[in-house]
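The next block holds one structure in the form of structure tokens; read it before the comments.
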Amino acid sequence: MWDFGDRARGGGNVALSGGTRLGTALDGARLRALAAALLAFGIFGVDSFTSFHSAIATLYVLVLLLAGPSLDRRQLLGWSIACAALTIASFVAVHRAAPATEALLRLVVSLSANAVTTALLLHRIVLDERVAHEERRYATMTDTLAIAIWEHDFRCVDAAIQALRADGVTDLRAYLAAHPEFVAEVRRQVRITDVNRTALDLMGVPSKAAFFRKLGDFLPETDASFADCILAIDERRPMFQAETQVIAADGSPIDIIVAFSLAPGTCLAHVPGSILDIRQRKRLETTVERTRIELERVQRTAAIGAMSASIAHEINQPISAVQSYADAAARWLARPEPDLDEVRLSLAGLHQAVANVHAVIQRVRSLVGGSQGEMQPLQLGSLVADTLAIAARDLDAHGARIQVAPLGEPRVLGDPILLKHLLLNLITNALQAMESAGVADKRMDLTLHAKDDHVLLLLRDHGPGIAPGLAEPFETFATTKPGGMGLGLSICRSIVELHDGRISLANHPDGGALAAIELPLAA
């Protein structure tokens with residue numbers, strides 16, 4: 001695990017300045033050197049001026065251990081040579097006349113202990129330098145990553161889960177759904193213990209000391225991803241990933257994707273998470289969606305124009321024939337002696353011309369409307385869920401929400417594209433109605449009921465309801481919206497009728513409009 005060095009691993013946000021830490025380190029090194037020197041002279045005095053017959057000089061090992069942590073290679077070798085010189089000086093001072101074999105052995109043991117300790121300390125210096133190099137390399141690598149990284153302390157989450165288990169909670173998912181206040185409280189307890197430079201730049205924070213202390217400090221209250229994070233910690237998933245928003249230091253929202261590992265064996269005190277800024281992607285998606293909507297509007301306009309021009313062109317001749325036959329019949333009847341046989345022939349021609357008009361209109365309608373679509377067995381609950389996921393961005397942009405009752409999975413036979421388009425049309429109409437009326441709480445209710453041989457889908461908004469002057473809302477070009485084309489509900493009716501179903505729109509007794517769609521269940 002990396003350590004960026006500005007905060008203690010315990011997660012405190014108040015860091016000592018570089019000068020203070022350096023001054024403290026220098027003072028500690030001086031004190032250790034002074035203590036080591038005093039200890040060395042004390043050992044020398046005892047070894048030289050007392051009559052202890054033991055390897056007192058081996059205690060110089062303590063001198064090297066005391067001074068060693070603050071020394072480099074050259075300084076350590078200097079201290080080692082000095083301790084060896086003091087050992088030899090004591091030996092010469094005491095045993096210069098007639099050195100005994102036992103004294104020589106003690107000298108060899110003391111010098112050997114000095115050499116071994118020096119070698120071990122030199123090896124430690126090499127290892128410390130290697131570790132310091134790796135720490136600098138990892139710190140540089142993490143600080144220069146294009147992805148923000150911050151480290152979480154999730155031990156409080158695990159403790160909260162264990163407390164729930166001890167209280168008899170077995171279905172954690174249901175408990176979290178029923179107690180959002182528990183989720184919010186746990187989120188506020190999660191500490192942020194470390195961050196990299198990219199995270200500081202992302203959140204607009206000048207330094208790690210000024211970074212957010214807790215996860216709840218920068219997650220919005222409406223965040224729904226942390227409940228799944230609690231479940232991931234409980235299940236120890238190999239990978240947790242979620243899309244959410246964080247609030248920067250200036251209060252602006254940032255769309256992100258966060259991912260981290262919670263596999264068994266992971267230390268919950270230090271869980272690094274990768275945070276990817278997806279604001280540019282969101283802006284691109286919004287632009288693409290806006291362009292798609294504009295393109296669809298242009299396509300509908302072009303289709304209407306093409307259909308109108310085609311009908312005008314194609315029925316010109318049949319209409320002329322109708323007029324000719326009608327005029328001929330009138331002339332034959334206007335004679336002093338009407339020729340009824342000619343009148344019958346004219347009326348027969350008139351009938352055929354009218355039939356031709358109907359055939360032309362049907363052919364143009366098929367040409368513009370396209371094929372009948374691809375009918376297949378569908379699970380309506382999943383299709384509705386997919387459609388709501390598509391509409392989520394538009395709902396969020398307008399501050400609206402849809403309350404969905406448990407849907408189930410009734411099966412119908414239909415075209416998934418057309419049915420999604422049907423539901424999106426109804427949601428868009430409801431959203432626009434509430435928006436134009438200035439409704440503060442833009443809310444919709446969606447339910448799905450399976451009955452004997454059909455399924456009933458109900459979508460209710462909390463807007464002003466259907467305008468009194470709109471007698472037939474499904475009529476083509478019937479609209480009360482400024483700039484509206486009056487085709488949305490007409491298309492909805494066509495889609496429902498294509499699926500052998502029925503659609504109705506009425507005012508709800510408690511306010512707002514209620515759209516009801518009835519589709520036959522698949523055999």
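Please note that chains go A, B, ... in the order of the structure tokens, that every chain numbers its residues from 1, and that ligands are numbered from 1 in the order shown.
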Residues at most 9 Å from His421 (chain A), counting only C-alpha atoms, excluding those fewer than 5 positions away in the same chain, as JSON, numbers by chain? {"A": [387, 416, 426, 492, 495]}
Would you kindly return, as a JSON list (two decimals) with N, CA and C atoms, in the first residue's frame, each protein, DNA or RNA residue with an atom no farther than 10 Å from any atom of Thr144 (chain A), considering only C-alpha atoms and excluding same-chain residues fewer than 5 positions away?
```
[["chain", "number", "residue", "atom", "x", "y", "z"],
["A", 138, "TYR", "N", 6.21, 4.45, -6.23],
["A", 138, "TYR", "CA", 4.76, 4.24, -6.17],
["A", 138, "TYR", "C", 4.02, 5.55, -5.92],
["A", 139, "ALA", "N", 4.59, 6.43, -5.08],
["A", 139, "ALA", "CA", 3.95, 7.72, -4.84],
["A", 139, "ALA", "C", 3.90, 8.55, -6.12],
["A", 196, "ASN", "N", -4.63, 10.72, -3.90],
["A", 196, "ASN", "CA", -3.52, 11.11, -4.78],
["A", 196, "ASN", "C", -3.77, 12.50, -5.34],
["A", 197, "ARG", "N", -2.80, 13.00, -6.10],
["A", 197, "ARG", "CA", -2.87, 14.37, -6.62],
["A", 197, "ARG", "C", -4.06, 14.55, -7.56],
["A", 198, "THR", "N", -4.37, 13.53, -8.37],
["A", 198, "THR", "CA", -5.48, 13.64, -9.30],
["A", 198, "THR", "C", -6.80, 13.81, -8.55]]
```
Picked from region 92-177 of chain A by DSSP as alpha helix (DSSP H), as a PyMOL selection string: chain A and resi 92-95+101-143+155-166+172-177
Could you list, with a cut-off of 8 Å and counting only C-alpha atoms, the residues of region 116-145 of chain A near region 70-76 of chain A, each shown with its nearest atom pair and the distance in Å rounded to one decimal, rows sorted by chain and ascending number, as a Markdown table?
```
| residue | atom | partner | partner_atom | distance |
| --- | --- | --- | --- | --- |
| A:Thr118 | CA | A:Leu76 | CA | 7.3 |
| A:Leu122 | CA | A:Arg73 | CA | 6.5 |
| A:Ile125 | CA | A:Asp72 | CA | 7.2 |
```
Name the residues in contact with Ile230 (chain A) at a cut-off of 9 Å, using only C-alpha atoms, excluding same-chain residues fewer than 5 positions from it; report them as a ChimeraX atom specification. /A:157-158,161,176,183,186,235
What lies within 12 Å of His95 (chain A) using only C-alpha atoms, ignoring chain neighbours under 5 positions off, as a PyMOL selection string? chain A and resi 47-49+51+53+87-90+100-104+106-107
Write the selection just made, keeping N, CA and C atoms, as a short mmCIF file (atom, residue, chain, number, x, y, z; two decimals), in the first residue's frame?
```
data_model
loop_
_atom_site.label_atom_id
_atom_site.label_comp_id
_atom_site.auth_asym_id
_atom_site.auth_seq_id
_atom_site.Cartn_x
_atom_site.Cartn_y
_atom_site.Cartn_z
N ASP A 47 35.49 -1.32 30.76
CA ASP A 47 36.37 -2.37 30.21
C ASP A 47 37.84 -2.11 30.54
N SER A 48 38.22 -0.83 30.67
CA SER A 48 39.64 -0.50 30.86
C SER A 48 40.04 -0.38 32.32
N PHE A 49 39.14 0.02 33.18
CA PHE A 49 39.54 0.36 34.54
C PHE A 49 38.85 -0.46 35.62
N SER A 51 38.01 -4.72 36.98
CA SER A 51 38.63 -6.05 36.94
C SER A 51 37.63 -7.13 36.54
N HIS A 53 36.17 -9.93 34.49
CA HIS A 53 36.75 -10.87 33.52
C HIS A 53 35.65 -11.41 32.61
N THR A 87 37.81 -1.01 21.70
CA THR A 87 37.94 -2.40 22.21
C THR A 87 39.41 -2.80 22.28
N ILE A 88 40.15 -2.52 21.21
CA ILE A 88 41.57 -2.88 21.18
C ILE A 88 42.36 -2.05 22.20
N ALA A 89 42.01 -0.75 22.31
CA ALA A 89 42.71 0.11 23.27
C ALA A 89 42.52 -0.40 24.70
N SER A 90 41.30 -0.81 25.04
CA SER A 90 41.06 -1.37 26.38
C SER A 90 41.87 -2.64 26.59
N ALA A 100 46.44 -13.08 28.36
CA ALA A 100 46.04 -14.46 28.54
C ALA A 100 45.21 -14.94 27.35
N THR A 101 45.17 -16.24 27.20
CA THR A 101 44.39 -16.82 26.09
C THR A 101 42.91 -16.47 26.22
N GLU A 102 42.38 -16.50 27.43
CA GLU A 102 40.98 -16.17 27.67
C GLU A 102 40.67 -14.72 27.26
N ALA A 103 41.63 -13.81 27.57
CA ALA A 103 41.43 -12.41 27.20
C ALA A 103 41.45 -12.24 25.69
N LEU A 104 42.35 -12.96 25.01
CA LEU A 104 42.39 -12.90 23.56
C LEU A 104 41.08 -13.40 22.95
N ARG A 106 38.14 -13.26 24.38
CA ARG A 106 37.12 -12.23 24.59
C ARG A 106 37.26 -11.09 23.58
N LEU A 107 38.52 -10.75 23.23
CA LEU A 107 38.76 -9.70 22.24
C LEU A 107 38.21 -10.11 20.88
#
```
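Excluding Asp250 (chain A) itself and any same-chain residue fewer than 5 positions from it, the protein and nucleic acid residues within 12 Å of it, counting only C-alpha atoms, are A:Leu202, A:Met203, A:Gly204, A:Val205, A:Pro206, A:Phe218.
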Give me the residues near region 337-352 of chain A as a PyMOL selection string, where near means some atom within 9 Å (using only C-alpha atoms) and where sequence neighbours in that chain fewer than 2 positions away do not count. chain A and resi 321-335+354-357
Please produce a file of those selected residues containing C-alpha atoms, as an mmCIF file, in the first residue's frame.
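Output contents, as saved in selection_1.cif:
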```cif
data_model
loop_
_atom_site.group_PDB
_atom_site.id
_atom_site.type_symbol
_atom_site.label_atom_id
_atom_site.label_comp_id
_atom_site.auth_asym_id
_atom_site.auth_seq_id
_atom_site.Cartn_x
_atom_site.Cartn_y
_atom_site.Cartn_z
ATOM 1 C CA ALA A 321 -62.431 9.999 -61.669
ATOM 2 C CA VAL A 322 -64.842 10.321 -58.753
ATOM 3 C CA GLN A 323 -65.727 13.839 -59.892
ATOM 4 C CA SER A 324 -66.219 12.702 -63.503
ATOM 5 C CA TYR A 325 -68.470 9.789 -62.578
ATOM 6 C CA ALA A 326 -70.513 11.981 -60.232
ATOM 7 C CA ASP A 327 -70.952 14.670 -62.907
ATOM 8 C CA ALA A 328 -71.924 12.073 -65.498
ATOM 9 C CA ALA A 329 -74.524 10.537 -63.210
ATOM 10 C CA ALA A 330 -75.959 13.986 -62.508
ATOM 11 C CA ARG A 331 -76.199 14.777 -66.222
ATOM 12 C CA TRP A 332 -77.942 11.492 -67.048
ATOM 13 C CA LEU A 333 -80.436 12.135 -64.262
ATOM 14 C CA ALA A 334 -81.021 15.746 -65.410
ATOM 15 C CA ARG A 335 -82.299 14.722 -68.882
ATOM 16 C CA VAL A 354 -63.652 5.489 -54.194
ATOM 17 C CA ALA A 355 -62.197 2.012 -53.649
ATOM 18 C CA ASN A 356 -59.092 3.140 -55.529
ATOM 19 C CA VAL A 357 -58.778 6.146 -53.212
#
```
So that I can see what lies close to Leu120 (chain A), please list as JSON, numbers by chain the residues with an atom at most 12 Å from it, counting only C-alpha atoms and leaving out residues fewer than 5 positions away in the same chain. {"A": [61, 64, 65, 68, 69, 73, 76, 77, 80, 113, 114, 115, 125, 126, 127]}
Nearest residue to Leu215 (chain A) out of A:Glu151, A:Asp277, A:Asp234, A:Asp415, using only C-alpha atoms? A:Glu151
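Take CA of Pro180 (chain A) and CA of Gly399 (chain A): the distance between them is 20.2 Å.
In terms of minimum interatomic distance to Gln376 (chain A), A:Leu413 ranks closest within A:Leu145, A:Ala199, A:Ala174, A:Leu413, counting only C-alpha atoms.
Across the model, the gap from CA of His398 (chain A) to CA of Thr428 (chain A) is 11.0 Å.
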